[in-house]
file model-v6.pdb (PDB, C-alpha atoms and all ligand atoms)
ATOM      1  CA  MET A   1       5.201 -14.234   0.968
ATOM      2  CA  ARG A   2       4.826 -17.915   1.719
ATOM      3  CA  ALA A   3       7.731 -19.856   3.180
ATOM      4  CA  GLY A   4      10.130 -21.377   0.681
ATOM      5  CA  ALA A   5       8.550 -19.574  -2.224
ATOM      6  CA  PRO A   6      10.943 -17.090  -3.799
ATOM      7  CA  ARG A   7      13.060 -18.380  -6.651
ATOM      8  CA  ARG A   8      13.393 -14.991  -8.279
ATOM      9  CA  ALA A   9      12.996 -11.585  -6.708
ATOM     10  CA  ALA A  10      10.558  -9.013  -7.990
ATOM     11  CA  PRO A  11      12.344  -6.015  -9.437
ATOM     12  CA  GLY A  12      13.369  -3.377  -6.944
ATOM     13  CA  TRP A  13      11.244  -0.717  -8.585
ATOM     14  CA  LEU A  14       8.093  -2.684  -7.748
ATOM     15  CA  GLY A  15       8.989  -2.715  -4.070
ATOM     16  CA  ALA A  16       9.833   0.972  -4.140
ATOM     17  CA  ALA A  17       6.590   1.774  -5.870
ATOM     18  CA  VAL A  18       4.174  -0.134  -3.734
ATOM     19  CA  LEU A  19       3.919   1.972  -0.627
ATOM     20  CA  PRO A  20       2.622   5.088  -2.394
ATOM     21  CA  ALA A  21       0.392   2.865  -4.468
ATOM     22  CA  ILE A  22      -1.041   1.200  -1.394
ATOM     23  CA  LEU A  23      -1.542   4.488   0.414
ATOM     24  CA  SER A  24      -3.132   6.323  -2.478
ATOM     25  CA  LEU A  25      -5.224   3.580  -4.047
ATOM     26  CA  SER A  26      -6.141   1.395  -1.127
ATOM     27  CA  ALA A  27      -6.686   4.093   1.451
ATOM     28  CA  PRO A  28      -9.346   2.320   3.532
ATOM     29  CA  ALA A  29      -7.274  -0.872   3.911
ATOM     30  CA  ASP A  30      -6.261  -1.533   7.495
ATOM     31  CA  ALA A  31      -2.686  -2.305   8.529
ATOM     32  CA  SER A  32      -3.267  -5.966   9.315
ATOM     33  CA  ALA A  33      -4.672  -6.639   5.857
ATOM     34  CA  LEU A  34      -1.689  -4.944   4.267
ATOM     35  CA  GLU A  35       0.702  -7.050   6.347
ATOM     36  CA  GLN A  36      -1.039 -10.224   5.193
ATOM     37  CA  ALA A  37      -0.811  -9.331   1.539
ATOM     38  CA  ALA A  38       1.789 -11.540  -0.160
ATOM     39  CA  VAL A  39       1.768  -9.194  -3.135
ATOM     40  CA  PRO A  40       1.120  -5.468  -2.649
ATOM     41  CA  TYR A  41      -1.655  -3.635  -4.425
ATOM     42  CA  VAL A  42      -0.484  -2.009  -7.631
ATOM     43  CA  PRO A  43      -3.234  -1.588 -10.224
ATOM     44  CA  THR A  44      -2.699  -2.644 -13.820
ATOM     45  CA  PRO A  45      -2.595   0.509 -16.008
ATOM     46  CA  TRP A  46      -5.572   0.814 -18.371
ATOM     47  CA  PRO A  47      -3.678   0.292 -21.649
ATOM     48  CA  VAL A  48      -2.353  -2.946 -20.146
ATOM     49  CA  VAL A  49      -5.865  -4.013 -19.071
ATOM     50  CA  ASP A  50      -6.940  -3.629 -22.713
ATOM     51  CA  ALA A  51      -3.905  -5.553 -23.962
ATOM     52  CA  MET A  52      -4.466  -8.428 -21.519
ATOM     53  CA  LEU A  53      -8.109  -8.831 -22.516
ATOM     54  CA  GLU A  54      -7.202  -8.650 -26.180
ATOM     55  CA  LEU A  55      -4.315 -11.115 -25.944
ATOM     56  CA  ALA A  56      -6.579 -13.625 -24.171
ATOM     57  CA  ARG A  57      -9.369 -12.929 -26.705
ATOM     58  CA  VAL A  58     -11.864 -12.678 -23.852
ATOM     59  CA  GLY A  59     -15.443 -13.131 -25.014
ATOM     60  CA  PRO A  60     -18.984 -13.676 -23.733
ATOM     61  CA  ARG A  61     -18.460 -17.391 -23.185
ATOM     62  CA  ASP A  62     -15.512 -16.867 -20.859
ATOM     63  CA  THR A  63     -15.264 -17.219 -17.114
ATOM     64  CA  VAL A  64     -12.361 -15.058 -16.026
ATOM     65  CA  ILE A  65     -10.648 -15.442 -12.650
ATOM     66  CA  ASP A  66      -8.350 -12.757 -11.267
ATOM     67  CA  LEU A  67      -6.225 -13.980  -8.357
ATOM     68  CA  GLY A  68      -5.535 -10.808  -6.385
ATOM     69  CA  SER A  69      -8.207  -8.743  -8.085
ATOM     70  CA  GLY A  70      -7.429  -5.362  -6.480
ATOM     71  CA  ASP A  71     -10.064  -2.793  -7.456
ATOM     72  CA  GLY A  72     -11.611  -5.322  -9.877
ATOM     73  CA  ARG A  73     -10.698  -3.419 -13.024
ATOM     74  CA  LEU A  74      -9.663  -6.454 -15.112
ATOM     75  CA  LEU A  75     -12.879  -8.354 -14.474
ATOM     76  CA  ILE A  76     -15.126  -5.324 -14.711
ATOM     77  CA  ALA A  77     -13.593  -4.461 -18.089
ATOM     78  CA  ALA A  78     -13.906  -8.117 -19.191
ATOM     79  CA  ALA A  79     -17.625  -8.036 -18.338
ATOM     80  CA  ARG A  80     -18.391  -4.546 -19.635
ATOM     81  CA  ARG A  81     -16.475  -4.663 -22.898
ATOM     82  CA  HIS A  82     -16.447  -8.371 -23.712
ATOM     83  CA  GLY A  83     -19.531  -9.776 -21.961
ATOM     84  CA  ALA A  84     -17.520 -12.250 -19.858
ATOM     85  CA  ARG A  85     -18.285 -13.510 -16.374
ATOM     86  CA  GLY A  86     -15.700 -13.024 -13.666
ATOM     87  CA  TYR A  87     -14.628 -14.060 -10.210
ATOM     88  CA  GLY A  88     -12.009 -12.102  -8.317
ATOM     89  CA  VAL A  89     -10.436 -12.761  -4.950
ATOM     90  CA  ASP A  90      -8.348 -10.443  -2.850
ATOM     91  CA  ILE A  91      -6.985 -10.705   0.643
ATOM     92  CA  ASP A  92      -7.641  -7.043   1.343
ATOM     93  CA  PRO A  93     -11.272  -6.501   2.414
ATOM     94  CA  ALA A  94     -11.182  -2.810   1.464
ATOM     95  CA  LEU A  95     -10.243  -3.705  -2.099
ATOM     96  CA  VAL A  96     -12.982  -6.336  -2.245
ATOM     97  CA  ARG A  97     -15.496  -3.713  -1.125
ATOM     98  CA  ALA A  98     -14.145  -1.227  -3.680
ATOM     99  CA  ALA A  99     -14.356  -3.821  -6.469
ATOM    100  CA  ARG A 100     -17.970  -4.699  -5.599
ATOM    101  CA  GLN A 101     -18.899  -1.003  -5.582
ATOM    102  CA  ALA A 102     -17.202  -0.472  -8.947
ATOM    103  CA  ALA A 103     -19.027  -3.490 -10.407
ATOM    104  CA  ARG A 104     -22.367  -2.032  -9.291
ATOM    105  CA  ARG A 105     -21.442   1.402 -10.613
ATOM    106  CA  GLU A 106     -20.455  -0.079 -13.995
ATOM    107  CA  GLY A 107     -23.632  -2.178 -14.202
ATOM    108  CA  VAL A 108     -21.912  -5.590 -14.204
ATOM    109  CA  ALA A 109     -22.616  -6.761 -10.654
ATOM    110  CA  ASP A 110     -24.707  -9.611 -12.081
ATOM    111  CA  ARG A 111     -21.707 -10.893 -14.067
ATOM    112  CA  VAL A 112     -18.760 -10.467 -11.724
ATOM    113  CA  ALA A 113     -18.290 -11.468  -8.086
ATOM    114  CA  PHE A 114     -15.529 -10.596  -5.655
ATOM    115  CA  ALA A 115     -14.600 -12.460  -2.499
ATOM    116  CA  GLU A 116     -12.203 -11.812   0.343
ATOM    117  CA  GLU A 117     -10.108 -14.931   0.060
ATOM    118  CA  ASP A 118      -6.523 -16.142   0.065
ATOM    119  CA  LEU A 119      -5.712 -16.835  -3.580
ATOM    120  CA  PHE A 120      -3.839 -19.983  -2.593
ATOM    121  CA  ILE A 121      -7.118 -21.707  -1.701
ATOM    122  CA  THR A 122      -9.245 -20.370  -4.554
ATOM    123  CA  GLU A 123     -10.737 -23.043  -6.777
ATOM    124  CA  ILE A 124      -9.619 -22.283 -10.287
ATOM    125  CA  GLY A 125     -10.926 -25.228 -12.324
ATOM    126  CA  GLN A 126     -13.918 -23.286 -13.708
ATOM    127  CA  ALA A 127     -11.796 -20.572 -15.315
ATOM    128  CA  SER A 128     -11.432 -20.333 -19.052
ATOM    129  CA  VAL A 129      -9.146 -17.317 -18.574
ATOM    130  CA  MET A 130      -6.834 -16.527 -15.640
ATOM    131  CA  MET A 131      -5.662 -12.954 -15.106
ATOM    132  CA  LEU A 132      -2.588 -12.423 -12.953
ATOM    133  CA  TYR A 133      -0.495  -9.578 -11.679
ATOM    134  CA  LEU A 134       1.494 -11.305  -8.965
ATOM    135  CA  PHE A 135       5.102 -11.647  -7.890
ATOM    136  CA  PRO A 136       7.186 -14.189  -9.846
ATOM    137  CA  SER A 137       7.591 -16.425  -6.785
ATOM    138  CA  VAL A 138       3.812 -16.557  -6.331
ATOM    139  CA  MET A 139       3.345 -17.379 -10.018
ATOM    140  CA  MET A 140       5.822 -20.223  -9.647
ATOM    141  CA  GLN A 141       3.977 -21.519  -6.580
ATOM    142  CA  LEU A 142       0.755 -21.505  -8.584
ATOM    143  CA  ARG A 143       2.230 -23.001 -11.772
ATOM    144  CA  PRO A 144       1.785 -26.681 -10.791
ATOM    145  CA  ARG A 145      -1.849 -25.949  -9.939
ATOM    146  CA  PHE A 146      -2.414 -24.234 -13.284
ATOM    147  CA  LEU A 147      -1.130 -27.322 -15.081
ATOM    148  CA  ALA A 148      -3.036 -29.789 -12.917
ATOM    149  CA  GLU A 149      -6.323 -27.990 -12.307
ATOM    150  CA  LEU A 150      -7.031 -25.809 -15.341
ATOM    151  CA  LYS A 151      -8.702 -27.358 -18.361
ATOM    152  CA  PRO A 152      -6.589 -27.705 -21.508
ATOM    153  CA  GLY A 153      -7.112 -24.563 -23.561
ATOM    154  CA  THR A 154      -7.494 -22.240 -20.566
ATOM    155  CA  ARG A 155      -5.642 -19.004 -21.282
ATOM    156  CA  ILE A 156      -3.398 -17.559 -18.583
ATOM    157  CA  VAL A 157      -2.459 -13.912 -18.963
ATOM    158  CA  SER A 158       0.096 -12.262 -16.745
ATOM    159  CA  HIS A 159       1.015  -8.636 -16.384
ATOM    160  CA  GLU A 160       4.764  -8.111 -16.004
ATOM    161  CA  PHE A 161       5.952 -11.523 -14.802
ATOM    162  CA  ASP A 162       6.557 -14.767 -16.657
ATOM    163  CA  MET A 163       6.696 -18.383 -15.477
ATOM    164  CA  GLU A 164      10.389 -19.091 -16.028
ATOM    165  CA  ASP A 165      10.919 -22.126 -18.277
ATOM    166  CA  TRP A 166       7.244 -22.387 -19.267
ATOM    167  CA  THR A 167       7.740 -20.312 -22.410
ATOM    168  CA  PRO A 168       4.756 -18.084 -23.142
ATOM    169  CA  ASP A 169       2.690 -18.771 -26.271
ATOM    170  CA  ALA A 170       2.559 -15.015 -26.901
ATOM    171  CA  HIS A 171       4.210 -11.915 -25.448
ATOM    172  CA  ARG A 172       3.551  -8.207 -25.966
ATOM    173  CA  THR A 173       5.310  -5.091 -24.729
ATOM    174  CA  ILE A 174       2.828  -2.296 -24.091
ATOM    175  CA  PRO A 175       3.973   1.336 -23.903
ATOM    176  CA  VAL A 176       2.715   2.979 -20.711
ATOM    177  CA  PRO A 177       4.167   6.531 -20.894
ATOM    178  CA  ASP A 178       2.638   7.652 -17.596
ATOM    179  CA  LYS A 179       3.397   4.483 -15.634
ATOM    180  CA  PRO A 180       3.999   5.659 -12.071
ATOM    181  CA  TYR A 181       6.824   3.177 -11.401
ATOM    182  CA  GLY A 182       9.615   1.405 -13.283
ATOM    183  CA  PRO A 183      10.223   1.714 -17.022
ATOM    184  CA  PRO A 184       7.404   3.309 -19.123
ATOM    185  CA  ARG A 185       6.155  -0.003 -20.475
ATOM    186  CA  SER A 186       4.618  -3.265 -19.316
ATOM    187  CA  GLU A 187       5.076  -6.834 -20.431
ATOM    188  CA  VAL A 188       2.040  -9.041 -21.042
ATOM    189  CA  TYR A 189       2.385 -12.823 -21.376
ATOM    190  CA  LEU A 190      -0.066 -15.472 -22.569
ATOM    191  CA  TRP A 191       0.061 -19.222 -21.992
ATOM    192  CA  VAL A 192      -2.478 -21.745 -23.234
ATOM    193  CA  VAL A 193      -2.755 -24.686 -20.834
ATOM    194  CA  PRO A 194      -1.627 -27.776 -22.761
ATOM    195  CA  ALA A 195      -3.392 -31.121 -22.620
ATOM    196  CA  SER A 196      -1.331 -33.821 -21.010
ATOM    197  CA  VAL A 197      -0.085 -36.050 -23.841
ATOM    198  CA  ALA A 198       3.034 -37.750 -22.501
ATOM    199  CA  GLY A 199       3.057 -41.526 -22.852
ATOM    200  CA  ASP A 200       3.068 -44.261 -25.461
ATOM    201  CA  TRP A 201       0.733 -43.861 -28.435
ATOM    202  CA  ARG A 202      -0.166 -46.354 -31.180
ATOM    203  CA  TRP A 203      -1.881 -46.115 -34.558
ATOM    204  CA  ARG A 204      -1.763 -47.447 -38.110
ATOM    205  CA  ALA A 205       0.298 -45.358 -40.535
ATOM    206  CA  ALA A 206      -1.177 -43.750 -43.599
ATOM    207  CA  GLY A 207      -0.392 -45.740 -46.769
ATOM    208  CA  ALA A 208      -0.656 -49.027 -44.873
ATOM    209  CA  ASP A 209       3.016 -48.815 -43.881
ATOM    210  CA  GLY A 210       2.281 -50.606 -40.642
ATOM    211  CA  ASP A 211       1.821 -49.563 -37.070
ATOM    212  CA  VAL A 212       3.312 -46.458 -35.522
ATOM    213  CA  GLU A 213       4.579 -46.554 -31.961
ATOM    214  CA  LEU A 214       5.346 -43.155 -30.519
ATOM    215  CA  ALA A 215       6.759 -42.567 -27.032
ATOM    216  CA  LEU A 216       6.019 -38.909 -26.329
ATOM    217  CA  THR A 217       7.617 -36.768 -23.660
ATOM    218  CA  GLN A 218       6.253 -33.337 -22.857
ATOM    219  CA  ARG A 219       7.708 -30.174 -21.389
ATOM    220  CA  PHE A 220       4.726 -27.835 -21.126
ATOM    221  CA  GLN A 221       3.642 -27.240 -24.775
ATOM    222  CA  VAL A 222       6.766 -28.754 -26.377
ATOM    223  CA  LEU A 223       6.866 -32.425 -27.371
ATOM    224  CA  ALA A 224       9.749 -34.774 -28.031
ATOM    225  CA  GLY A 225       9.451 -38.394 -29.001
ATOM    226  CA  SER A 226      10.892 -41.576 -30.394
ATOM    227  CA  PRO A 227       8.731 -42.995 -33.173
ATOM    228  CA  ARG A 228       8.888 -46.446 -34.742
ATOM    229  CA  ILE A 229       7.041 -46.599 -38.037
ATOM    230  CA  GLY A 230       6.407 -50.038 -39.489
ATOM    231  CA  GLY A 231       9.163 -51.385 -37.245
ATOM    232  CA  ARG A 232      11.740 -48.782 -38.404
ATOM    233  CA  THR A 233      13.101 -45.972 -36.270
ATOM    234  CA  GLY A 234      11.810 -42.545 -37.244
ATOM    235  CA  ARG A 235      12.235 -38.963 -36.095
ATOM    236  CA  LEU A 236       9.756 -36.520 -34.594
ATOM    237  CA  GLU A 237       9.984 -32.821 -35.487
ATOM    238  CA  ASP A 238       8.144 -29.705 -34.399
ATOM    239  CA  GLY A 239       5.954 -31.366 -31.747
ATOM    240  CA  ARG A 240       3.584 -28.943 -30.051
ATOM    241  CA  VAL A 241       0.417 -29.046 -28.026
ATOM    242  CA  ARG A 242      -1.766 -25.948 -27.611
ATOM    243  CA  GLY A 243      -4.792 -26.583 -25.436
ATOM    244  CA  ASP A 244      -6.229 -29.829 -26.773
ATOM    245  CA  ARG A 245      -4.679 -29.388 -30.258
ATOM    246  CA  ILE A 246      -1.595 -31.454 -31.030
ATOM    247  CA  ARG A 247       0.668 -31.372 -34.068
ATOM    248  CA  PHE A 248       3.983 -32.909 -35.102
ATOM    249  CA  ILE A 249       5.874 -34.204 -38.121
ATOM    250  CA  LEU A 250       7.211 -37.745 -38.378
ATOM    251  CA  HIS A 251      10.126 -38.584 -40.650
ATOM    252  CA  SER A 252      10.987 -42.142 -41.590
ATOM    253  CA  ASP A 253      13.028 -44.034 -44.099
ATOM    254  CA  ALA A 254      11.145 -46.575 -46.216
ATOM    255  CA  GLY A 255      13.782 -48.620 -48.044
ATOM    256  CA  GLY A 256      15.965 -45.593 -48.830
ATOM    257  CA  ARG A 257      12.993 -43.304 -49.550
ATOM    258  CA  ALA A 258      12.495 -40.411 -47.121
ATOM    259  CA  GLU A 259       8.926 -40.221 -45.862
ATOM    260  CA  ARG A 260       7.358 -37.220 -44.135
ATOM    261  CA  ARG A 261       3.967 -37.201 -42.445
ATOM    262  CA  GLU A 262       2.317 -34.194 -40.839
ATOM    263  CA  TYR A 263      -0.100 -35.010 -38.043
ATOM    264  CA  GLU A 264      -2.579 -32.755 -36.324
ATOM    265  CA  GLY A 265      -5.495 -33.574 -34.108
ATOM    266  CA  ARG A 266      -7.530 -33.016 -30.994
ATOM    267  CA  VAL A 267      -6.647 -34.780 -27.754
ATOM    268  CA  SER A 268      -9.416 -36.214 -25.620
ATOM    269  CA  GLY A 269      -8.065 -38.252 -22.724
ATOM    270  CA  ASP A 270      -6.255 -41.223 -24.230
ATOM    271  CA  THR A 271      -7.460 -40.649 -27.801
ATOM    272  CA  ILE A 272      -6.334 -38.285 -30.537
ATOM    273  CA  SER A 273      -8.582 -37.742 -33.552
ATOM    274  CA  GLY A 274      -7.366 -35.719 -36.482
ATOM    275  CA  THR A 275      -5.672 -35.879 -39.852
ATOM    276  CA  VAL A 276      -2.366 -36.946 -41.336
ATOM    277  CA  ARG A 277      -0.953 -35.410 -44.511
ATOM    278  CA  HIS A 278       1.328 -37.683 -46.532
ATOM    279  CA  GLU A 279       2.562 -36.929 -50.074
ATOM    280  CA  GLY A 280      -0.082 -34.221 -50.449
ATOM    281  CA  VAL A 281      -2.959 -36.473 -49.427
ATOM    282  CA  GLU A 282      -4.851 -35.864 -46.209
ATOM    283  CA  SER A 283      -6.533 -38.731 -44.413
ATOM    284  CA  ALA A 284      -8.181 -39.390 -41.067
ATOM    285  CA  TRP A 285      -5.940 -40.275 -38.157
ATOM    286  CA  GLN A 286      -6.790 -41.744 -34.799
ATOM    287  CA  ALA A 287      -4.264 -42.639 -32.097
ATOM    288  CA  MET A 288      -4.674 -44.358 -28.756
ATOM    289  CA  ARG A 289      -2.513 -43.908 -25.692
ATOM    290  CA  VAL A 290      -1.553 -47.326 -24.417
ATOM    291  CA  LYS A 291       0.658 -46.217 -21.536
ATOM    292  CA  LYS A 292       0.929 -43.082 -19.409
ATOM    293  CA  PRO A 293       4.250 -42.073 -17.859
TER     294      PRO A 293
HETATM  295  C1  LIG B 301      -0.303  -6.217  -8.021
HETATM  296  S1  LIG B 301      -1.948  -6.204  -7.374
HETATM  297  C2  LIG B 301      -2.925  -6.578  -8.808
HETATM  298  C3  LIG B 301      -4.352  -6.084  -8.717
HETATM  299  C4  LIG B 301      -5.196  -6.374  -9.966
HETATM  300  N1  LIG B 301      -5.158  -7.769 -10.340
HETATM  301  C5  LIG B 301      -4.729  -5.548 -11.132
HETATM  302  O1  LIG B 301      -4.052  -6.122 -12.011
HETATM  303  O2  LIG B 301      -5.025  -4.343 -11.193
HETATM  304  C6  LIG B 301      -1.960  -7.732  -6.450
HETATM  305  C7  LIG B 301      -3.184  -7.943  -5.597
HETATM  306  O3  LIG B 301      -3.086  -9.209  -4.965
HETATM  307  C8  LIG B 301      -3.646  -9.124  -3.653
HETATM  308  N2  LIG B 301      -3.102 -10.225  -2.874
HETATM  309  C9  LIG B 301      -1.855 -10.354  -2.386
HETATM  310  N3  LIG B 301      -1.724 -11.521  -1.733
HETATM  311  C10 LIG B 301      -2.906 -12.160  -1.824
HETATM  312  C11 LIG B 301      -3.400 -13.406  -1.359
HETATM  313  N4  LIG B 301      -2.625 -14.251  -0.674
HETATM  314  N5  LIG B 301      -4.668 -13.726  -1.641
HETATM  315  C12 LIG B 301      -5.468 -12.876  -2.327
HETATM  316  N6  LIG B 301      -5.063 -11.676  -2.798
HETATM  317  C13 LIG B 301      -3.797 -11.324  -2.541
HETATM  318  C14 LIG B 301      -3.237  -7.755  -3.186
HETATM  319  O4  LIG B 301      -4.075  -7.288  -2.127
HETATM  320  C15 LIG B 301      -3.372  -6.946  -4.479
HETATM  321  O5  LIG B 301      -4.639  -6.355  -4.595
END
call {"tool": "encode", "arguments": {"input": "model-v6.pdb", "output": "structure tokens", "more": "lines below"}}
Ligand SMILES: C[S@@+](CC[C@H](N)C(=O)[O-])C[C@H]1O[C@@H](n2cnc3c(N)ncnc32)[C@H](O)[C@@H]1O
result
Amino acid sequence: MRAGAPRRAAPGWLGAAVLPAILSLSAPADASALEQAAVPYVPTPWPVVDAMLELARVGPRDTVIDLGSGDGRLLIAAARRHGARGYGVDIDPALVRAARQAARREGVADRVAFAEEDLFITEIGQASVMMLYLFPSVMMQLRPRFLAELKPGTRIVSHEFDMEDWTPDAHRTIPVPDKPYGPPRSEVYLWVVPASVAGDWRWRAAGADGDVELALTQRFQVLAGSPRIGGRTGRLEDGRVRGDRIRFILHSDAGGRAERREYEGRVSGDTISGTVRHEGVESAWQAMRVKKP
């Protein structure tokens, strides 16, 4: 484990389970490779593989990266069953060899590649889906890179471990009756990388009520903000960003009359294009970011 990493320990059962798992499933691995491994080899059970691919809605247009790819099962299944491309890295050369052999055996060697590489240096920007089964501390080390380097809309799926205060966009509990360690179930989490939308935005309000000034703050996919609508203070409700899709509701008071506008749109850099719904009428909406935090 890298220095200064752990914020939260992996459960004891994982530690207790790993030695038999390493010995039985990674038999050819040499001792030095095992010592280097920040996270031990424990394969994702097959029902969980299926659930991860399903939760991420992996399809033929996806490029899936598995950081710590083990025997390659996640990527091989993504290619075989869903037509995706994949790139897996593992620090253990025996596992990389095993994954390449399995890819050839399963007829997907032209779609998936495996490299012996430290996951901390792997370029991840090309992924549309990230698959992870790593210790919580490693996930938290990677989290800033996910937010900075992955494109908005990239799906991150993790087996067993979450990313603390980055609330998942979806979560499933999968029964695994014959799981060889821990409780007979696995947790699967999904996050959709949010576009970066914090800053000051401006646009003209529907109904010619004047300009809107909205200072947005962002905590992962959750937005808060202070709007001024036609010079009057308003209130933002239910602000969310999922990939490049943004939505929120603005409330204002127009001379004693409560106004409510529902906005939704697509973020592209410093522009949002979408629609606003006001008193049952939908109209085009375009906002510009005039200041970044
Ligand atoms: C819990 S296993 C998960 C294997 C596979 N992703 C799966 O779900 O079946 C974690 C894997 O990460 C690999 N690993 C640990 N530290 C690594 C590092 N620094 N760089 C690359 N791989 C690493 C281990 O060798 C192991 O195969």
call {"tool": "axis_aligned_box", "arguments": {"input": "model-v6.pdb", "around": "region 147-152 of chain A", "padding_each_side": "3 Å", "output": "AutoDock Vina command-line options"}}
result
--center_x -4.9 --center_y -27.8 --center_z -16.9 --size_x 13.6 --size_y 10.0 --size_z 15.2
call {"tool": "residues_near_ligand", "arguments": {"input": "model-v6.pdb", "ligand": "ligand LIG 301 (chain B)", "cutoff": "8 Å", "atoms": "only C-alpha atoms and all ligand atoms", "output": "JSON, numbers by chain"}}
result
{"A": [1, 34, 36, 37, 38, 39, 40, 41, 42, 43, 44, 45, 49, 66, 67, 68, 69, 70, 71, 72, 73, 74, 89, 90, 91, 92, 95, 116, 117, 118, 119, 120, 131, 132, 133, 134, 135, 159]}
call {"tool": "resolve_selection", "arguments": {"input": "model-v6.pdb", "expression": "the PyMOL selection byres (((chain A and resi 271-286) around 12) and not hetatm)", "output": "mmCIF file with C-alpha atoms, keeping the file's coordinate frame"}}
result
data_model
loop_
_atom_site.group_PDB
_atom_site.id
_atom_site.type_symbol
_atom_site.label_atom_id
_atom_site.label_comp_id
_atom_site.auth_asym_id
_atom_site.auth_seq_id
_atom_site.Cartn_x
_atom_site.Cartn_y
_atom_site.Cartn_z
ATOM 1 C CA ALA A 195 -3.392 -31.121 -22.620
ATOM 2 C CA SER A 196 -1.331 -33.821 -21.010
ATOM 3 C CA VAL A 197 -0.085 -36.050 -23.841
ATOM 4 C CA GLY A 199 3.057 -41.526 -22.852
ATOM 5 C CA ASP A 200 3.068 -44.261 -25.461
ATOM 6 C CA TRP A 201 0.733 -43.861 -28.435
ATOM 7 C CA ARG A 202 -0.166 -46.354 -31.180
ATOM 8 C CA TRP A 203 -1.881 -46.115 -34.558
ATOM 9 C CA ARG A 204 -1.763 -47.447 -38.110
ATOM 10 C CA ALA A 205 0.298 -45.358 -40.535
ATOM 11 C CA ALA A 206 -1.177 -43.750 -43.599
ATOM 12 C CA GLY A 207 -0.392 -45.740 -46.769
ATOM 13 C CA ALA A 208 -0.656 -49.027 -44.873
ATOM 14 C CA ASP A 209 3.016 -48.815 -43.881
ATOM 15 C CA ASP A 211 1.821 -49.563 -37.070
ATOM 16 C CA VAL A 212 3.312 -46.458 -35.522
ATOM 17 C CA VAL A 241 0.417 -29.046 -28.026
ATOM 18 C CA ASP A 244 -6.229 -29.829 -26.773
ATOM 19 C CA ARG A 245 -4.679 -29.388 -30.258
ATOM 20 C CA ILE A 246 -1.595 -31.454 -31.030
ATOM 21 C CA ARG A 247 0.668 -31.372 -34.068
ATOM 22 C CA PHE A 248 3.983 -32.909 -35.102
ATOM 23 C CA ILE A 249 5.874 -34.204 -38.121
ATOM 24 C CA LEU A 250 7.211 -37.745 -38.378
ATOM 25 C CA HIS A 251 10.126 -38.584 -40.650
ATOM 26 C CA SER A 252 10.987 -42.142 -41.590
ATOM 27 C CA ALA A 258 12.495 -40.411 -47.121
ATOM 28 C CA GLU A 259 8.926 -40.221 -45.862
ATOM 29 C CA ARG A 260 7.358 -37.220 -44.135
ATOM 30 C CA ARG A 261 3.967 -37.201 -42.445
ATOM 31 C CA GLU A 262 2.317 -34.194 -40.839
ATOM 32 C CA TYR A 263 -0.100 -35.010 -38.043
ATOM 33 C CA GLU A 264 -2.579 -32.755 -36.324
ATOM 34 C CA GLY A 265 -5.495 -33.574 -34.108
ATOM 35 C CA ARG A 266 -7.530 -33.016 -30.994
ATOM 36 C CA VAL A 267 -6.647 -34.780 -27.754
ATOM 37 C CA SER A 268 -9.416 -36.214 -25.620
ATOM 38 C CA GLY A 269 -8.065 -38.252 -22.724
ATOM 39 C CA ASP A 270 -6.255 -41.223 -24.230
ATOM 40 C CA ALA A 287 -4.264 -42.639 -32.097
ATOM 41 C CA MET A 288 -4.674 -44.358 -28.756
ATOM 42 C CA ARG A 289 -2.513 -43.908 -25.692
ATOM 43 C CA VAL A 290 -1.553 -47.326 -24.417
ATOM 44 C CA LYS A 291 0.658 -46.217 -21.536
#
call {"tool": "residues_around", "arguments": {"input": "model-v6.pdb", "residues": "Arg232 (chain A)", "least_positions_apart": "3", "cutoff": "8 Å", "atoms": "only C-alpha atoms", "output": "ChimeraX atom specification"}}
result
/A:228-229,252-253
call {"tool": "resolve_selection", "arguments": {"input": "model-v6.pdb", "expression": "the PyMOL selection byres (((chain A and resi 128) around 9) and not hetatm)", "output": "list in words"}}
result
Arg61, Asp62, Thr63, Val64, Ile65, Gly125, Gln126, Ala127, Val129, Met130, Leu150, Lys151, Gly153, Thr154, Arg155 and Ile156 of chain A
call {"tool": "closest_residue", "arguments": {"input": "model-v6.pdb", "among": "A:Val48, A:Ile76, A:Val157, A:Ala94", "to": "Val192 (chain A)", "atoms": "all atoms listed in the file"}}
result
A:Val157
call {"tool": "atom_distance", "arguments": {"input": "model-v6.pdb", "atom1": "CA of Ala254 (chain A)", "atom2": "CA of Ala198 (chain A)"}}
result
26.6 Å
call {"tool": "closest_residue", "arguments": {"input": "model-v6.pdb", "among": "A:Ala215, A:Leu142, A:Leu55, A:Leu147", "to": "Asp169 (chain A)", "atoms": "only C-alpha atoms"}}
result
A:Leu55
call {"tool": "residues_around", "arguments": {"input": "model-v6.pdb", "residues": "Gly225 (chain A)", "least_positions_apart": "5", "cutoff": "9 Å", "atoms": "only C-alpha atoms", "output": "short mmCIF file (atom, residue, chain, number, x, y, z; two decimals) with C-alpha atoms, in the coordinates of the input"}}
result
data_model
loop_
_atom_site.label_atom_id
_atom_site.label_comp_id
_atom_site.auth_asym_id
_atom_site.auth_seq_id
_atom_site.Cartn_x
_atom_site.Cartn_y
_atom_site.Cartn_z
CA LEU A 214 5.35 -43.16 -30.52
CA ALA A 215 6.76 -42.57 -27.03
CA LEU A 216 6.02 -38.91 -26.33
CA THR A 217 7.62 -36.77 -23.66
CA GLN A 218 6.25 -33.34 -22.86
CA ARG A 235 12.24 -38.96 -36.10
CA LEU A 236 9.76 -36.52 -34.59
CA GLU A 237 9.98 -32.82 -35.49
CA GLY A 239 5.95 -31.37 -31.75
#
call {"tool": "atom_distance", "arguments": {"input": "model-v6.pdb", "atom1": "CA of Arg172 (chain A)", "atom2": "CA of Ala113 (chain A)"}}
result
28.4 Å
call {"tool": "closest_residue", "arguments": {"input": "model-v6.pdb", "among": "A:Gly83, A:Ala115, A:Leu75, A:Pro293", "to": "Ala102 (chain A)", "atoms": "all atoms listed in the file"}}
result
A:Leu75
